[in-house]
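Just start29.cif here, mmCIF, C-alpha atoms:
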data_run
#
loop_
_atom_site.label_atom_id
_atom_site.label_comp_id
_atom_site.auth_asym_id
_atom_site.auth_seq_id
_atom_site.Cartn_x
_atom_site.Cartn_y
_atom_site.Cartn_z
CA MET N 1 -32.60 -97.06 131.42
CA VAL N 2 -35.87 -98.88 132.10
CA ASN N 3 -36.73 -101.41 129.41
CA ILE N 4 -39.25 -100.01 126.96
CA ARG N 5 -42.61 -101.73 126.83
CA ASN N 6 -45.49 -100.84 124.60
CA LEU N 7 -48.29 -98.94 126.29
CA ASP N 8 -51.90 -98.74 125.25
CA PRO N 9 -52.65 -95.04 125.85
CA SER N 10 -56.35 -95.82 126.10
CA ALA N 11 -55.89 -98.41 128.85
CA SER N 12 -55.86 -95.91 131.72
CA PRO N 13 -54.96 -92.29 132.54
CA LEU N 14 -51.63 -93.60 133.89
CA ASP N 15 -50.81 -95.35 130.62
CA TYR N 16 -51.78 -92.25 128.64
CA TYR N 17 -49.57 -90.08 130.86
CA GLY N 18 -46.63 -92.45 130.34
CA SER N 19 -47.06 -92.58 126.59
CA GLU N 20 -47.32 -88.78 126.38
CA LEU N 21 -44.19 -88.40 128.51
CA ARG N 22 -42.22 -90.70 126.23
CA ARG N 23 -43.58 -89.06 123.05
CA LEU N 24 -42.78 -85.52 124.12
CA ARG N 25 -39.41 -86.46 125.60
CA GLU N 26 -38.38 -88.08 122.33
CA GLU N 27 -39.67 -85.09 120.35
CA ALA N 28 -37.39 -82.92 122.51
CA LYS N 29 -34.52 -85.30 121.64
CA LEU N 30 -33.78 -86.05 125.29
CA ASN N 31 -32.98 -89.42 126.77
CA GLN N 32 -34.28 -90.41 130.19
CA GLN N 33 -31.07 -89.41 131.94
CA GLN N 34 -31.02 -85.97 130.33
CA LEU N 35 -34.63 -85.30 131.24
CA GLY N 36 -34.04 -86.61 134.75
CA ASP N 37 -31.17 -84.16 135.18
CA VAL N 38 -33.46 -81.29 134.20
CA LEU N 39 -36.21 -82.49 136.57
CA PHE N 40 -33.79 -83.21 139.46
CA CYS N 41 -34.74 -86.88 139.52
CA THR N 42 -33.26 -90.17 138.32
CA ALA N 43 -33.48 -91.64 134.85
CA SER N 44 -35.03 -94.67 136.51
CA LEU N 45 -37.95 -92.59 137.82
CA VAL N 46 -38.57 -91.13 134.37
CA GLY N 47 -38.52 -94.64 132.91
CA GLN N 48 -40.88 -96.04 135.56
CA ILE N 49 -43.42 -93.29 134.88
CA GLU N 50 -43.07 -93.73 131.12
CA THR N 51 -43.87 -97.43 131.50
CA ALA N 52 -46.78 -96.81 133.91
CA LYS N 53 -44.98 -98.58 136.74
CA LYS N 54 -45.01 -95.53 139.00
CA VAL N 55 -47.57 -92.79 139.55
CA PRO N 56 -46.30 -89.24 138.90
CA THR N 57 -46.71 -86.52 141.50
CA ARG N 58 -48.13 -83.08 140.86
CA GLN N 59 -44.70 -81.54 141.53
CA PHE N 60 -43.09 -83.84 138.95
CA SER N 61 -45.78 -82.87 136.44
CA GLU N 62 -45.28 -79.15 136.99
CA ARG N 63 -41.52 -79.50 136.50
CA LEU N 64 -42.14 -81.61 133.41
CA ASP N 65 -44.38 -78.95 131.88
CA ALA N 66 -41.69 -76.34 132.48
CA ALA N 67 -38.92 -78.55 131.07
CA LEU N 68 -40.79 -79.60 127.93
CA MET N 69 -42.79 -76.35 127.57
CA THR N 70 -46.07 -78.20 127.25
CA GLY N 71 -48.37 -75.40 128.38
CA GLY N 72 -49.57 -77.22 131.50
CA HIS N 73 -50.43 -80.47 129.70
CA PHE N 74 -49.08 -82.79 132.40
CA SER N 75 -50.30 -80.62 135.28
CA ARG N 76 -53.82 -81.03 133.93
CA LEU N 77 -53.42 -84.72 133.23
CA VAL N 78 -51.99 -85.67 136.61
CA GLY N 79 -55.30 -84.94 138.34
CA LEU N 80 -56.95 -87.66 136.26
CA VAL N 81 -54.05 -90.01 136.94
CA LEU N 82 -54.24 -89.53 140.69
CA ARG N 83 -58.02 -89.84 140.73
CA SER N 84 -57.73 -93.13 138.84
CA GLN N 85 -55.74 -94.52 141.78
CA LEU N 86 -58.80 -94.23 144.00
CA PRO N 87 -60.98 -97.33 144.42
CA THR N 88 -63.24 -97.73 141.41
CA TRP N 89 -66.37 -97.45 143.54
CA PHE N 90 -65.13 -94.16 145.03
CA GLN N 91 -64.19 -92.35 141.81
CA PRO N 92 -67.73 -91.16 140.91
CA TYR N 93 -68.10 -89.66 144.38
CA ALA N 94 -64.71 -87.93 144.12
CA GLU N 95 -65.83 -86.31 140.87
CA MET N 96 -69.04 -85.04 142.50
CA GLU N 97 -67.11 -83.84 145.54
CA ALA N 98 -64.88 -81.73 143.28
CA ARG N 99 -67.97 -80.02 141.79
CA ALA N 100 -69.92 -79.47 145.01
CA THR N 101 -70.60 -75.97 146.26
CA TYR N 102 -71.49 -77.06 149.79
CA ILE N 103 -70.21 -80.17 151.61
CA SER N 104 -71.75 -81.12 154.94
CA THR N 105 -70.22 -84.13 156.66
CA TYR N 106 -70.67 -85.96 159.94
CA GLN N 107 -67.79 -88.26 160.88
CA ALA N 108 -68.31 -90.71 163.73
CA GLN N 109 -64.82 -92.19 164.03
CA LEU N 110 -62.26 -90.29 161.96
CA VAL N 111 -61.28 -86.84 160.78
CA TYR N 112 -62.92 -86.03 157.44
CA GLY N 113 -60.72 -86.99 154.47
CA LEU N 114 -60.45 -83.47 153.04
CA LEU N 115 -59.16 -82.23 156.40
CA GLN N 116 -56.58 -84.96 157.08
CA THR N 117 -52.83 -84.48 157.27
CA GLU N 118 -50.74 -86.73 155.05
CA GLU N 119 -49.45 -88.77 158.00
CA TYR N 120 -52.95 -89.27 159.41
CA ALA N 121 -54.28 -90.24 155.98
CA ARG N 122 -51.47 -92.75 155.53
CA ALA N 123 -52.28 -94.39 158.85
CA VAL N 124 -56.00 -94.56 158.01
CA LEU N 125 -55.48 -95.95 154.51
CA ALA N 126 -52.93 -98.51 155.72
CA THR N 127 -55.66 -100.24 157.74
CA GLY N 128 -57.10 -101.56 154.47
CA LEU N 129 -53.80 -103.34 153.68
CA PRO N 130 -53.66 -101.88 150.15
CA ASP N 131 -51.05 -102.83 147.56
CA GLY N 132 -50.48 -99.21 146.47
CA LEU N 133 -50.49 -97.22 149.72
CA ASP N 134 -48.31 -94.39 148.37
CA GLU N 135 -50.62 -93.95 145.41
CA LEU N 136 -53.73 -93.89 147.61
CA VAL N 137 -52.17 -91.29 149.91
CA ALA N 138 -51.17 -89.14 146.92
CA ALA N 139 -54.71 -89.37 145.55
CA ARG N 140 -56.23 -88.34 148.87
CA MET N 141 -53.88 -85.40 149.19
CA ASP N 142 -54.72 -84.33 145.65
CA ARG N 143 -58.44 -84.41 146.51
CA GLN N 144 -57.72 -81.75 149.10
CA ARG N 145 -56.85 -79.24 146.40
CA ILE N 146 -60.51 -78.27 146.29
CA VAL N 147 -60.20 -76.83 149.81
CA SER N 148 -57.62 -74.25 148.73
CA GLY N 149 -58.70 -73.86 145.10
CA ALA N 150 -59.84 -70.71 143.36
CA ASN N 151 -63.51 -71.44 144.02
CA PRO N 152 -63.63 -73.75 147.05
CA PRO N 153 -66.85 -75.24 148.38
CA LEU N 154 -68.18 -74.34 151.79
CA ILE N 155 -67.26 -77.30 154.01
CA TRP N 156 -69.08 -77.88 157.27
CA ALA N 157 -67.61 -80.80 159.21
CA ILE N 158 -69.06 -82.22 162.40
CA LEU N 159 -66.64 -84.61 164.09
CA ASP N 160 -67.67 -86.89 166.90
CA GLU N 161 -65.48 -86.35 169.95
CA ALA N 162 -64.37 -89.96 169.47
CA ALA N 163 -62.41 -88.86 166.40
CA LEU N 164 -60.24 -86.66 168.63
CA TYR N 165 -59.47 -89.45 171.07
CA ARG N 166 -58.97 -92.29 168.60
CA SER N 167 -55.17 -92.40 168.28
CA VAL N 168 -54.51 -92.89 164.57
CA GLY N 169 -50.83 -93.17 163.71
CA GLY N 170 -49.60 -92.41 167.23
CA ARG N 171 -49.39 -89.36 169.45
CA ALA N 172 -47.21 -87.21 167.20
CA VAL N 173 -49.47 -87.80 164.20
CA MET N 174 -52.56 -86.97 166.26
CA ARG N 175 -51.05 -83.83 167.71
CA ASN N 176 -50.21 -82.59 164.21
CA GLN N 177 -53.67 -83.57 162.96
CA LEU N 178 -55.48 -81.67 165.69
CA ALA N 179 -53.20 -78.67 165.19
CA TYR N 180 -54.08 -78.82 161.50
CA LEU N 181 -57.79 -78.77 162.35
CA LEU N 182 -57.25 -75.73 164.54
CA GLY N 183 -55.67 -73.97 161.57
CA PHE N 184 -59.05 -73.97 159.84
CA ARG N 185 -60.32 -71.41 162.34
CA ARG N 186 -58.82 -68.84 159.97
CA HIS N 187 -60.37 -70.40 156.85
CA ARG N 188 -63.49 -68.56 155.71
CA ARG N 189 -65.02 -71.57 153.97
CA VAL N 190 -64.28 -74.40 156.41
CA CYS N 191 -66.17 -74.80 159.69
CA VAL N 192 -65.44 -77.55 162.20
CA GLN N 193 -67.77 -78.52 165.02
CA VAL N 194 -67.33 -81.30 167.57
CA LEU N 195 -70.23 -83.43 168.74
CA PRO N 196 -69.33 -84.03 172.41
CA PHE N 197 -69.78 -87.30 174.27
CA GLU N 198 -72.13 -85.50 176.63
CA ALA N 199 -74.62 -85.11 173.78
CA GLY N 200 -75.51 -88.75 174.40
CA GLU N 201 -77.78 -90.35 171.80
CA HIS N 202 -78.00 -88.25 168.66
CA ALA N 203 -79.47 -88.10 165.16
CA SER N 204 -76.76 -90.13 163.43
CA LEU N 205 -75.89 -92.96 165.77
CA ILE N 206 -76.20 -95.15 162.67
CA GLY N 207 -72.92 -93.70 161.35
CA SER N 208 -71.13 -91.17 159.15
CA PHE N 209 -72.52 -89.51 156.04
CA ASN N 210 -71.77 -86.72 153.56
CA TRP N 211 -74.36 -84.38 152.06
CA LEU N 212 -73.30 -82.59 148.86
CA ARG N 213 -75.07 -79.62 147.29
CA PHE N 214 -74.52 -78.15 143.83
CA TYR N 215 -75.49 -75.06 141.83
CA ASP N 216 -77.45 -76.85 139.13
CA ASP N 217 -77.70 -80.51 140.14
CA PRO N 218 -79.75 -82.33 142.78
CA ASP N 219 -78.30 -82.83 146.26
CA VAL N 220 -76.72 -86.21 146.96
CA VAL N 221 -76.03 -88.19 150.11
CA TYR N 222 -73.01 -90.47 150.40
CA THR N 223 -72.44 -93.27 152.91
CA GLU N 224 -69.95 -96.12 153.19
CA ASP N 225 -70.07 -99.69 154.41
CA LEU N 226 -67.21 -102.11 154.98
CA ILE N 227 -66.66 -102.76 151.28
CA SER N 228 -67.77 -99.75 149.25
CA GLY N 229 -69.66 -96.47 149.14
CA HIS N 230 -73.22 -95.59 148.19
CA THR N 231 -74.49 -92.35 146.65
CA THR N 232 -78.13 -91.41 146.25
CA ALA N 233 -80.09 -88.39 145.06
CA ASN N 234 -83.40 -89.81 146.28
CA PRO N 235 -85.38 -86.76 147.51
CA ASP N 236 -86.69 -88.54 150.61
CA THR N 237 -83.20 -89.68 151.61
CA VAL N 238 -81.76 -86.20 151.04
CA LYS N 239 -84.56 -84.63 153.09
CA GLU N 240 -83.92 -87.09 155.92
CA ALA N 241 -80.19 -86.39 155.81
CA ALA N 242 -80.80 -82.64 155.93
CA LEU N 243 -83.07 -83.04 158.97
CA ARG N 244 -80.57 -85.24 160.76
CA TYR N 245 -77.72 -82.85 159.96
CA ALA N 246 -79.67 -79.92 161.40
CA HIS N 247 -80.12 -81.88 164.64
CA LEU N 248 -76.41 -82.73 164.69
CA GLN N 249 -75.48 -79.07 164.29
CA ALA N 250 -77.80 -78.15 167.14
CA SER N 251 -76.28 -80.82 169.41
CA ALA N 252 -72.65 -80.02 168.54
CA LEU N 253 -70.48 -77.47 170.28
CA SER N 254 -70.15 -74.08 168.63
CA VAL N 255 -67.22 -73.57 166.29
CA GLU N 256 -65.41 -71.60 169.00
CA ASP N 257 -66.09 -74.11 171.77
CA SER N 258 -65.14 -76.94 169.41
CA ALA N 259 -61.75 -75.32 168.81
CA GLU N 260 -61.23 -75.04 172.57
CA LEU N 261 -62.01 -78.74 173.01
CA ILE N 262 -59.67 -79.72 170.15
CA LEU N 263 -56.90 -77.64 171.71
CA ARG N 264 -57.48 -79.17 175.14
CA VAL N 265 -57.39 -82.74 173.81
CA MET N 266 -54.29 -81.94 171.74
CA GLU N 267 -52.42 -80.66 174.78
CA GLU N 268 -53.68 -83.10 177.41
CA ARG N 269 -53.76 -86.33 175.41
CA TYR N 270 -51.11 -85.75 172.75
CA GLY N 271 -48.85 -83.28 174.54
CA ASP N 272 -45.10 -82.98 174.87
CA GLN N 273 -43.62 -85.99 173.05
CA ARG N 274 -40.51 -85.80 175.23
CA ALA N 275 -42.63 -87.10 178.09
CA VAL N 276 -43.20 -90.36 176.22
CA ALA N 277 -40.87 -93.15 177.34
#

Reformat the file's structure so that it appears as C-alpha cells.
Amino acid sequence: MVNIRNLDPSASPLDYYGSELRRLREEAKLNQQQLGDVLFCTASLVGQIETAKKVPTRQFSERLDAALMTGGHFSRLVGLVLRSQLPTWFQPYAEMEARATYISTYQAQLVYGLLQTEEYARAVLATGLPDGLDELVAARMDRQRIVSGANPPLIWAILDEAALYRSVGGRAVMRNQLAYLLGFRRHRRVCVQVLPFEAGEHASLIGSFNWLRFYDDPDVVYTEDLISGHTTANPDTVKEAALRYAHLQASALSVEDSAELILRVMEERYGDQRAVA
C-alpha cells in the first residue's frame, strides 16, 4: 500500500480527485487492494492516484463510478483533472475550444491537434521534452472528445501539404495518421482541405492560426509562438483572420481532391512497412 500523505483538496483538480477517491473508498470499507481487484488494476495504482502521484484515465474513472456507485462523479471530474495537465497558458484556450460551435484552423507544419492519433500526438509533444509526457498525451486525447460528442462543433481544417510530408514519429505513425485523416471523409462535421505546394505564396505564410466562433460570444483568434499561445477577440484581428481564411480556402484543394492527395502521399511515401530495411 502506498504511504498515505495528506492532500489539500483545493490545491488542484488532481488533489481533489485523489482525496475524493480515498474518502469514498473508505466509506465503502474497501482497502486499496480490494478496490484494485474490482477495477482490474493494482493496489499501487489506486494508491498513486489517491496521493495525486498519478493522473487517472477516463476508463479508470468510469470503472470507479461503477464500482463505488457514485453516479458519474469521477467521470465528470476526470475532465477537469486532464485539462489541468495542459500548460497553464493553454488551459483558457482549451475551455473556449470545448464551447466553440465552429472551429476553423490553418496548420502550416503539423496535423491539427483535435485530428491527431495518439502516436502522432506523443511524437509531437515529446519534442518539448516535457516531464509528464503521458499526462500531456492523455490530456490531448481527452480534448478530442468534442469531435465525437453529442453536440460537436463544425471543424474546418486546412493543412499545408508540408504537414503530410513531415515525418513525425516515423513511417508507421504517419501512415496511421494519414489513414485517420481519411476517415473523416465520412464525418459530417469535420472537413479537411490541403493547401498544396503549388499554391505558392498564400495568405498565411506568417504561420498557423485558429479561428473560433460561438453562439453567444465574440469570435476569437488563437496563435502560438515558441513559448506560449495568444488569444484575442479584437474585432479588427478577427476580421483579418476571416479574410485570410477565406483566401486559404480558395487556394486549397477541394475536400475530395485533398483526400486523394492524402491517400497518394500515404501510399507513396509511407507505404508497405515491409519494404523498409

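Taking CA of Arg99 in chain N and CA of Ser254 in chain N as endpoints, the distance between them is 27.6 Å.
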
Excluding Val220 in chain N and residues on its chain fewer than 6 positions from it, collect all residues at most 7 Å away from it, counting only C-alpha atoms, and give them as a ChimeraX atom specification.
-> /N:211-213,231-233,238

Let me know the residues the PyMOL selection byres ((chain N and resi 132) around 12) catches in the file above, as a PyMOL selection string.
-> chain N and resi 53-55+82+85-87+122+125-126+128-131+133-139

Hits of the PyMOL selection byres ((chain N and resi 196) around 8) in this structure, as number ranges by chain | N: 160-161, 194-195, 197-199, 252-253

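Selection check: the PyMOL selection byres ((chain N and resi 227) around 12) on the shown file gives Pro87, Thr88, Trp89, Phe90, Gly128, Thr223, Glu224, Asp225, Leu226, Ser228, Gly229 and His230 of chain N.
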
Take the point (-52.3, -96.5, 121.4) in the file's coordinates, draw a sphere of radius 12 Å around it, and report as a ChimeraX atom specification every protein, DNA or RNA residue with an atom inside or on it, counting only C-alpha atoms.
-> /N:6-12,15-20,23

Between CA of Gln193 in chain N and CA of Gln249 in chain N, measure the distance and give it in Å to one decimal.
-> 7.8 Å

When distances are computed from all atoms listed in the file, which of N:Gly271, N:Lys29, N:Arg171, N:Tyr222 shows the smallest separation from Pro92 in chain N?
-> N:Tyr222

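Among the candidates N:Gly183, N:Thr57, N:Gly169, N:Ile146, the residue lying nearest to Thr127 in chain N is N:Gly169 (atoms considered: all atoms listed in the file).
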
What are the centre and edge lengths in Å, to one decimal, of the axis-aligned box around all listed atoms of range 135-147 of chain N with 4 Å added on each side, as lines of an AutoDock Vina configuration file?
center_x = -55.6
center_y = -85.4
center_z = 147.7
size_x = 17.9
size_y = 25.1
size_z = 12.5

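Atom pair CA of Phe214 in chain N / CA of Tyr102 in chain N: separated by 6.8 Å.
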
Extract, using only C-alpha atoms, all DNA, RNA and protein residues at most 10 Å from Glu62 in chain N, discarding same-chain residues fewer than 5 positions from it, and format them as a PyMOL selection string.
-> chain N and resi 39+57+67+70-76+78

Around (-79.5, -84.0, 160.7) in the file's frame, which residues reach within 12 Å when counting all atoms listed in the file? Return as an MDAnalysis selection string?
-> chainID N and resid 104:106 158 202:211 221 237:252

Could you take the residues named above and write them with C-alpha atoms, as a PDB file, in the frame of the given file?
ATOM      1  CA  SER N 104     -71.750 -81.120 154.940  1.00  0.00           C
ATOM      2  CA  THR N 105     -70.220 -84.130 156.660  1.00  0.00           C
ATOM      3  CA  TYR N 106     -70.670 -85.960 159.940  1.00  0.00           C
ATOM      4  CA  ILE N 158     -69.060 -82.220 162.400  1.00  0.00           C
ATOM      5  CA  HIS N 202     -78.000 -88.250 168.660  1.00  0.00           C
ATOM      6  CA  ALA N 203     -79.470 -88.100 165.160  1.00  0.00           C
ATOM      7  CA  SER N 204     -76.760 -90.130 163.430  1.00  0.00           C
ATOM      8  CA  LEU N 205     -75.890 -92.960 165.770  1.00  0.00           C
ATOM      9  CA  ILE N 206     -76.200 -95.150 162.670  1.00  0.00           C
ATOM     10  CA  GLY N 207     -72.920 -93.700 161.350  1.00  0.00           C
ATOM     11  CA  SER N 208     -71.130 -91.170 159.150  1.00  0.00           C
ATOM     12  CA  PHE N 209     -72.520 -89.510 156.040  1.00  0.00           C
ATOM     13  CA  ASN N 210     -71.770 -86.720 153.560  1.00  0.00           C
ATOM     14  CA  TRP N 211     -74.360 -84.380 152.060  1.00  0.00           C
ATOM     15  CA  VAL N 221     -76.030 -88.190 150.110  1.00  0.00           C
ATOM     16  CA  THR N 237     -83.200 -89.680 151.610  1.00  0.00           C
ATOM     17  CA  VAL N 238     -81.760 -86.200 151.040  1.00  0.00           C
ATOM     18  CA  LYS N 239     -84.560 -84.630 153.090  1.00  0.00           C
ATOM     19  CA  GLU N 240     -83.920 -87.090 155.920  1.00  0.00           C
ATOM     20  CA  ALA N 241     -80.190 -86.390 155.810  1.00  0.00           C
ATOM     21  CA  ALA N 242     -80.800 -82.640 155.930  1.00  0.00           C
ATOM     22  CA  LEU N 243     -83.070 -83.040 158.970  1.00  0.00           C
ATOM     23  CA  ARG N 244     -80.570 -85.240 160.760  1.00  0.00           C
ATOM     24  CA  TYR N 245     -77.720 -82.850 159.960  1.00  0.00           C
ATOM     25  CA  ALA N 246     -79.670 -79.920 161.400  1.00  0.00           C
ATOM     26  CA  HIS N 247     -80.120 -81.880 164.640  1.00  0.00           C
ATOM     27  CA  LEU N 248     -76.410 -82.730 164.690  1.00  0.00           C
ATOM     28  CA  GLN N 249     -75.480 -79.070 164.290  1.00  0.00           C
ATOM     29  CA  ALA N 250     -77.800 -78.150 167.140  1.00  0.00           C
ATOM     30  CA  SER N 251     -76.280 -80.820 169.410  1.00  0.00           C
ATOM     31  CA  ALA N 252     -72.650 -80.020 168.540  1.00  0.00           C
TER      32      ALA N 252
END

Counting only C-alpha atoms, the residue among N:Leu35, N:Ile155, N:Met266, N:Val111 that lies closest to Ala98 in chain N is N:Ile155

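Once Tyr270 in chain N and its same-chain neighbours fewer than 6 positions away are set aside, Arg171, Ala172, Met174 and Arg175 of chain N remain within 8 Å of it when counting all atoms listed in the file.
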
Using the selection just defined, write its residues with C-alpha atoms as a compact mmCIF listing (two decimals), keeping the file's coordinate frame.
# COMPACT_ATOMS: atom_id res chain seq x y z
CA ARG N 171 -49.39 -89.36 169.45
CA ALA N 172 -47.21 -87.21 167.20
CA MET N 174 -52.56 -86.97 166.26
CA ARG N 175 -51.05 -83.83 167.71
